[in-house]
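Undergrad: This is the structure I want to talk about, given as C-alpha cells.
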Amino acid sequence: MRPIDRTVWYVESHLNQAVSLDDVADIAGVSKFALTRTFLNKTGQTVLAYARARRLTEAAKSLQRGAPCILDVALSVGYASHEAFSRAFRDHFGLSPVEVRYERRPLSLTEAIDMSNDPSRPTLSPRFEDLKAFKIAGFSRRFSMQNTAGIPALWQSFGEHIGSIPGEVSGAAYGVCYNADRDSFDYLCGVEVRSASDLPQEFAALELPSNRYAIFHHGGHVTDIHAIMRTIFSDWLPASGQKAAEAALFERYGREFDPRTGAGGFDVYLPLKV
C-alpha cells in the first residue's frame, strides 16, 4: 500500500494544479506502469482520473458554498481559464459550474481516499525534552478519528502563506492535534508566531503550554505518520510507564522536510504527565 499512500498524499497536496504521472510515479517510488496497474486494481480508477475528479470535487464544493467568482475557483484547482474549467466540469458532472453554484444541484463527488490503514509497526526510541510555552498560528479544521484524508489539502492551502505571516518564526512548521474526544479532533497546521494580534482573519492561533515531551523522530515519508501514531499509543506508551498529558500533541517539520515530495522526515511530540 505504500505507493498508493504516497500517490494519494501527493494528489491531495497538489489539488491546486494538474499533476503528471511522471511526477506521481517519482514520489511513489515505482514505475508509471506499476503505479497505474496497482492504483487501478486497488481503487478502480487511474491515478490521473482520481486526481482530476478530486480537483473538480473541491471546485464543486467551493461553488456549492457560494464562491462568487468561477474563474477564481478554476484557478484554485489548476485550470488556466474559465472555458477550460467549465468544459472539464461539465464533462465530469454533466452540469455547468453556474448551475451548481446557483441551483444547488446534487452531485456525485469523489472524496479523498483514506490512507490511515497502514498496519506496520515501526520501532521507536524517543528522546525527552522540556519545552517552554509558544504560539502556533495557521489553518485549523476538525477531523474524525476515522477519516483524516483532508489533512494534506489543509496543508496545501496553508503552505501558500508560509513566509508572509505576521510575527512568523521561521525554520519549522507544525501540525497540532488538540481538543480530541473519542470520535474527532481539531488539527491546526501552522508556524510559530511571536504574537497572534496581527493575524489574518482566517487564521486560528493556539498557545502550547510549557511541558515535558517524548520526541519521536522519523526520517521517512510523511505518509508514515499513521503508523507512527499507532505505534506510539498502542505499543510505546503502554510499555513505557509514562502517561500522556491532557495537552496538544504535535508534529514538527524542520528545514530538511520537503513539502513537495513529503520526504525528509519529521518529529512527533507527545506531551507527558510529570
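If you're wondering about the labels, chains in the C-alpha cells are A, B, ... by order shown, residues count from 1 in each chain, ligands from 1 in order shown.
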Just the helix (DSSP H, G or I) stuff from region 16-212 of chain A, please, per backbone DSSP, written as a short mmCIF file (atom, residue, chain, number, x, y, z; two decimals) with N, CA and C atoms, in the first residue's frame.

TA:
```cif
data_model
loop_
_atom_site.label_atom_id
_atom_site.label_comp_id
_atom_site.auth_asym_id
_atom_site.auth_seq_id
_atom_site.Cartn_x
_atom_site.Cartn_y
_atom_site.Cartn_z
N LEU A 21 1.75 11.99 -14.42
CA LEU A 21 2.03 10.63 -13.98
C LEU A 21 3.51 10.46 -13.69
N ASP A 22 4.37 11.16 -14.42
CA ASP A 22 5.81 11.10 -14.16
C ASP A 22 6.12 11.56 -12.74
N ASP A 23 5.55 12.70 -12.34
CA ASP A 23 5.81 13.23 -11.00
C ASP A 23 5.27 12.30 -9.92
N VAL A 24 4.05 11.79 -10.13
CA VAL A 24 3.43 10.93 -9.12
C VAL A 24 4.22 9.64 -8.96
N ALA A 25 4.64 9.04 -10.08
CA ALA A 25 5.41 7.80 -10.01
C ALA A 25 6.75 8.03 -9.30
N ASP A 26 7.35 9.19 -9.54
CA ASP A 26 8.62 9.52 -8.88
C ASP A 26 8.42 9.60 -7.37
N ILE A 27 7.35 10.24 -6.92
CA ILE A 27 7.07 10.34 -5.49
C ILE A 27 6.74 8.97 -4.91
N ALA A 28 5.98 8.17 -5.66
CA ALA A 28 5.56 6.85 -5.19
C ALA A 28 6.72 5.85 -5.16
N LYS A 32 5.84 4.10 -13.82
CA LYS A 32 4.50 4.55 -14.20
C LYS A 32 3.57 3.36 -14.46
N PHE A 33 4.09 2.34 -15.11
CA PHE A 33 3.28 1.17 -15.41
C PHE A 33 2.83 0.48 -14.13
N ALA A 34 3.78 0.26 -13.21
CA ALA A 34 3.44 -0.42 -11.95
C ALA A 34 2.45 0.40 -11.13
N LEU A 35 2.65 1.70 -11.09
CA LEU A 35 1.75 2.56 -10.32
C LEU A 35 0.34 2.53 -10.92
N THR A 36 0.26 2.64 -12.24
CA THR A 36 -1.05 2.64 -12.90
C THR A 36 -1.80 1.35 -12.62
N ARG A 37 -1.12 0.21 -12.76
CA ARG A 37 -1.76 -1.07 -12.52
C ARG A 37 -2.19 -1.22 -11.06
N THR A 38 -1.30 -0.89 -10.13
CA THR A 38 -1.58 -1.05 -8.70
C THR A 38 -2.74 -0.15 -8.27
N PHE A 39 -2.69 1.11 -8.69
CA PHE A 39 -3.72 2.06 -8.28
C PHE A 39 -5.08 1.67 -8.86
N LEU A 40 -5.09 1.25 -10.12
CA LEU A 40 -6.34 0.83 -10.76
C LEU A 40 -6.93 -0.39 -10.08
N ASN A 41 -6.07 -1.36 -9.74
CA ASN A 41 -6.54 -2.58 -9.07
C ASN A 41 -7.11 -2.30 -7.69
N LYS A 42 -6.51 -1.35 -6.97
CA LYS A 42 -6.94 -1.07 -5.60
C LYS A 42 -8.13 -0.13 -5.53
N THR A 43 -8.23 0.80 -6.47
CA THR A 43 -9.24 1.85 -6.35
C THR A 43 -10.30 1.83 -7.45
N VAL A 47 -4.74 6.86 -11.81
CA VAL A 47 -4.20 7.94 -10.98
C VAL A 47 -4.69 9.29 -11.49
N LEU A 48 -4.56 9.52 -12.79
CA LEU A 48 -4.91 10.83 -13.33
C LEU A 48 -6.42 11.08 -13.28
N ALA A 49 -7.22 10.02 -13.44
CA ALA A 49 -8.68 10.18 -13.31
C ALA A 49 -9.04 10.55 -11.87
N TYR A 50 -8.38 9.93 -10.89
CA TYR A 50 -8.62 10.26 -9.48
C TYR A 50 -8.21 11.71 -9.20
N ALA A 51 -7.04 12.10 -9.70
CA ALA A 51 -6.56 13.46 -9.46
C ALA A 51 -7.52 14.49 -10.07
N ARG A 52 -7.99 14.22 -11.28
CA ARG A 52 -8.91 15.14 -11.94
C ARG A 52 -10.24 15.21 -11.17
N ALA A 53 -10.75 14.05 -10.75
CA ALA A 53 -12.01 14.02 -10.01
C ALA A 53 -11.89 14.76 -8.68
N ARG A 54 -10.76 14.63 -8.01
CA ARG A 54 -10.60 15.31 -6.72
C ARG A 54 -10.53 16.83 -6.91
N ARG A 55 -9.81 17.28 -7.93
CA ARG A 55 -9.73 18.73 -8.18
C ARG A 55 -11.12 19.30 -8.50
N LEU A 56 -11.87 18.60 -9.34
CA LEU A 56 -13.19 19.08 -9.70
C LEU A 56 -14.17 18.98 -8.54
N THR A 57 -13.99 17.96 -7.68
CA THR A 57 -14.83 17.85 -6.49
C THR A 57 -14.62 19.02 -5.56
N GLU A 58 -13.37 19.39 -5.31
CA GLU A 58 -13.09 20.53 -4.44
C GLU A 58 -13.63 21.82 -5.06
N ALA A 59 -13.55 21.93 -6.39
CA ALA A 59 -14.13 23.10 -7.05
C ALA A 59 -15.64 23.12 -6.88
N ALA A 60 -16.28 21.96 -7.03
CA ALA A 60 -17.73 21.88 -6.87
C ALA A 60 -18.14 22.27 -5.46
N LYS A 61 -17.39 21.84 -4.45
CA LYS A 61 -17.71 22.21 -3.08
C LYS A 61 -17.62 23.72 -2.88
N SER A 62 -16.61 24.35 -3.49
CA SER A 62 -16.49 25.80 -3.39
C SER A 62 -17.69 26.49 -4.03
N LEU A 63 -18.12 25.99 -5.17
CA LEU A 63 -19.28 26.57 -5.84
C LEU A 63 -20.55 26.36 -5.02
N GLN A 64 -20.70 25.18 -4.42
CA GLN A 64 -21.88 24.92 -3.60
C GLN A 64 -21.92 25.82 -2.36
N ILE A 70 -16.25 32.29 -10.62
CA ILE A 70 -15.94 30.97 -11.18
C ILE A 70 -14.50 30.92 -11.65
N LEU A 71 -13.98 32.00 -12.20
CA LEU A 71 -12.59 31.99 -12.65
C LEU A 71 -11.64 31.76 -11.48
N ASP A 72 -11.91 32.38 -10.33
CA ASP A 72 -11.06 32.16 -9.16
C ASP A 72 -11.08 30.70 -8.74
N VAL A 73 -12.27 30.08 -8.78
CA VAL A 73 -12.37 28.65 -8.46
C VAL A 73 -11.56 27.84 -9.45
N ALA A 74 -11.68 28.16 -10.73
CA ALA A 74 -10.93 27.45 -11.77
C ALA A 74 -9.44 27.53 -11.52
N LEU A 75 -8.94 28.72 -11.23
CA LEU A 75 -7.51 28.91 -11.00
C LEU A 75 -7.05 28.17 -9.75
N SER A 76 -7.93 28.08 -8.73
CA SER A 76 -7.55 27.45 -7.47
C SER A 76 -7.35 25.95 -7.60
N HIS A 82 -11.50 30.11 -17.60
CA HIS A 82 -12.90 29.81 -17.30
C HIS A 82 -13.42 28.76 -18.26
N GLU A 83 -13.07 28.86 -19.53
CA GLU A 83 -13.57 27.96 -20.55
C GLU A 83 -13.08 26.53 -20.34
N ALA A 84 -11.79 26.37 -20.09
CA ALA A 84 -11.23 25.03 -19.88
C ALA A 84 -11.84 24.37 -18.65
N PHE A 85 -12.00 25.16 -17.59
CA PHE A 85 -12.58 24.64 -16.37
C PHE A 85 -14.04 24.24 -16.58
N SER A 86 -14.81 25.10 -17.22
CA SER A 86 -16.24 24.82 -17.43
C SER A 86 -16.43 23.57 -18.29
N ARG A 87 -15.58 23.41 -19.31
CA ARG A 87 -15.68 22.23 -20.16
C ARG A 87 -15.38 20.97 -19.38
N ALA A 88 -14.30 20.97 -18.58
CA ALA A 88 -13.94 19.81 -17.78
C ALA A 88 -15.00 19.52 -16.73
N PHE A 89 -15.54 20.58 -16.14
CA PHE A 89 -16.57 20.43 -15.10
C PHE A 89 -17.82 19.78 -15.67
N ARG A 90 -18.27 20.27 -16.83
CA ARG A 90 -19.48 19.71 -17.44
C ARG A 90 -19.24 18.26 -17.89
N ASP A 91 -18.05 17.98 -18.44
CA ASP A 91 -17.74 16.61 -18.85
C ASP A 91 -17.79 15.65 -17.67
N HIS A 92 -17.36 16.14 -16.50
CA HIS A 92 -17.28 15.27 -15.32
C HIS A 92 -18.62 15.13 -14.61
N PHE A 93 -19.33 16.24 -14.41
CA PHE A 93 -20.56 16.22 -13.60
C PHE A 93 -21.85 16.25 -14.44
N PRO A 97 -20.67 24.85 -14.08
CA PRO A 97 -20.39 25.48 -12.78
C PRO A 97 -21.48 26.45 -12.33
N VAL A 98 -22.07 27.18 -13.27
CA VAL A 98 -23.13 28.12 -12.93
C VAL A 98 -24.34 27.40 -12.36
N GLU A 99 -24.72 26.28 -12.98
CA GLU A 99 -25.86 25.50 -12.49
C GLU A 99 -25.61 25.00 -11.08
N VAL A 100 -24.39 24.57 -10.79
CA VAL A 100 -24.07 24.04 -9.47
C VAL A 100 -24.07 25.17 -8.44
N ARG A 101 -23.56 26.32 -8.82
CA ARG A 101 -23.48 27.43 -7.85
C ARG A 101 -24.85 28.00 -7.52
N TYR A 102 -25.71 28.18 -8.50
CA TYR A 102 -26.97 28.88 -8.26
C TYR A 102 -28.15 27.94 -8.00
N GLU A 103 -28.08 26.72 -8.52
CA GLU A 103 -29.24 25.84 -8.40
C GLU A 103 -29.05 24.71 -7.40
N ILE A 151 -6.33 16.24 5.54
CA ILE A 151 -5.22 17.00 6.13
C ILE A 151 -4.21 17.47 5.09
N PRO A 152 -3.79 16.65 4.11
CA PRO A 152 -2.85 17.18 3.10
C PRO A 152 -3.38 18.41 2.37
N ALA A 153 -4.68 18.44 2.05
CA ALA A 153 -5.24 19.60 1.37
C ALA A 153 -5.23 20.84 2.28
N LEU A 154 -5.43 20.63 3.58
CA LEU A 154 -5.35 21.75 4.52
C LEU A 154 -3.94 22.32 4.53
N TRP A 155 -2.94 21.44 4.51
CA TRP A 155 -1.54 21.89 4.44
C TRP A 155 -1.29 22.64 3.14
N GLN A 156 -1.85 22.16 2.03
CA GLN A 156 -1.65 22.84 0.75
C GLN A 156 -2.18 24.26 0.82
N SER A 157 -3.37 24.45 1.38
CA SER A 157 -3.95 25.78 1.48
C SER A 157 -3.10 26.69 2.37
N PHE A 158 -2.62 26.13 3.48
CA PHE A 158 -1.84 26.94 4.40
C PHE A 158 -0.45 27.25 3.86
N GLY A 159 0.14 26.29 3.15
CA GLY A 159 1.53 26.44 2.70
C GLY A 159 1.78 27.68 1.88
#
```

Undergrad: Can you pull out every residue within 10 Å of Gly264 (chain A), counting only C-alpha atoms, but drop anything in the same chain fewer than 3 positions away, and send it as a PDB file with C-alpha atoms, in the first residue's frame?

TA:
```
ATOM      1  CA  HIS A 218      11.104   9.563  11.808  1.00  0.00           C
ATOM      2  CA  GLY A 219      13.361  10.010   8.801  1.00  0.00           C
ATOM      3  CA  GLY A 220      10.946   8.604   6.234  1.00  0.00           C
ATOM      4  CA  HIS A 221       7.961   9.842   4.276  1.00  0.00           C
ATOM      5  CA  VAL A 222       5.144  11.874   5.810  1.00  0.00           C
ATOM      6  CA  TYR A 253       8.548  19.648  10.158  1.00  0.00           C
ATOM      7  CA  GLY A 254      12.003  21.248  10.004  1.00  0.00           C
ATOM      8  CA  ARG A 255      14.056  22.666   7.141  1.00  0.00           C
ATOM      9  CA  GLU A 256      15.023  19.174   5.995  1.00  0.00           C
ATOM     10  CA  PHE A 257      11.385  18.331   5.197  1.00  0.00           C
ATOM     11  CA  ASP A 258      10.411  18.750   1.540  1.00  0.00           C
ATOM     12  CA  PRO A 259       6.725  19.727   1.267  1.00  0.00           C
ATOM     13  CA  THR A 261       7.735  15.288  -2.057  1.00  0.00           C
TER      14      THR A 261
END
```

Undergrad: Can you list, as a PyMOL selection string, every protein, DNA or RNA residue that comes within 10 Å of Arg2 (chain A) when you count only C-alpha atoms, leaving out same-chain residues fewer than 2 positions away?

TA: chain A and resi 4-8+28-29+115+118+221+223-224

Undergrad: Quick one: residues within 7 Å of Arg142 (chain A), only C-alpha atoms counted, chain neighbours fewer than 2 positions away excluded, as number ranges by chain?

TA: A: 144, 184-187

Undergrad: Skipping near chain neighbours, those fewer than 6 positions away, what residues fall within 10 Å of Asn117 (chain A) using only C-alpha atoms, listed as a ChimeraX atom specification?

TA: /A:1,5,146,226-227

Undergrad: Let me see the file: selected residues, C-alpha atoms, as a PDB file, in the first residue's frame.

TA:
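Everything below was put into selection_5.pdb:
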```pdb
ATOM      1  CA  MET A   1       0.000   0.000   0.000  1.00  0.00           C
ATOM      2  CA  ASP A   5      -0.462   6.084   0.119  1.00  0.00           C
ATOM      3  CA  GLN A 146     -11.752   7.532  11.177  1.00  0.00           C
ATOM      4  CA  HIS A 226      -0.398   6.957  10.730  1.00  0.00           C
ATOM      5  CA  ALA A 227       1.891   4.031  11.588  1.00  0.00           C
TER       6      ALA A 227
END
```

Undergrad: Mind pulling up the distance from CA of Phe139 (chain A) to CA of Gln17 (chain A)?

TA: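 Answer for the CA of Gln17 (chain A) to CA of Phe139 (chain A) separation: 20.3 Å.
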
Undergrad: Tell me, in Å to one decimal, how far CA of Arg252 (chain A) is from CA of Ser234 (chain A).

TA: 21.2 Å

Undergrad: Find, counting only C-alpha atoms, the residue in A:Pro200, A:Pro209, A:Gly163, A:Gly150 that gets nearest to Ile113 (chain A).

TA: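 Closest residue, counting only C-alpha atoms: A:Gly150.
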
Undergrad: What lies within 9 Å of Trp236 (chain A) using only C-alpha atoms, ignoring chain neighbours under 6 positions off, as a PyMOL selection string?

TA: chain A and resi 123-125

Undergrad: Which of these, A:Pro3, A:Gly262, A:Ala172, A:Asn16, has the shortest distance to Ser31 (chain A) once you count only C-alpha atoms?

TA: A:Pro3
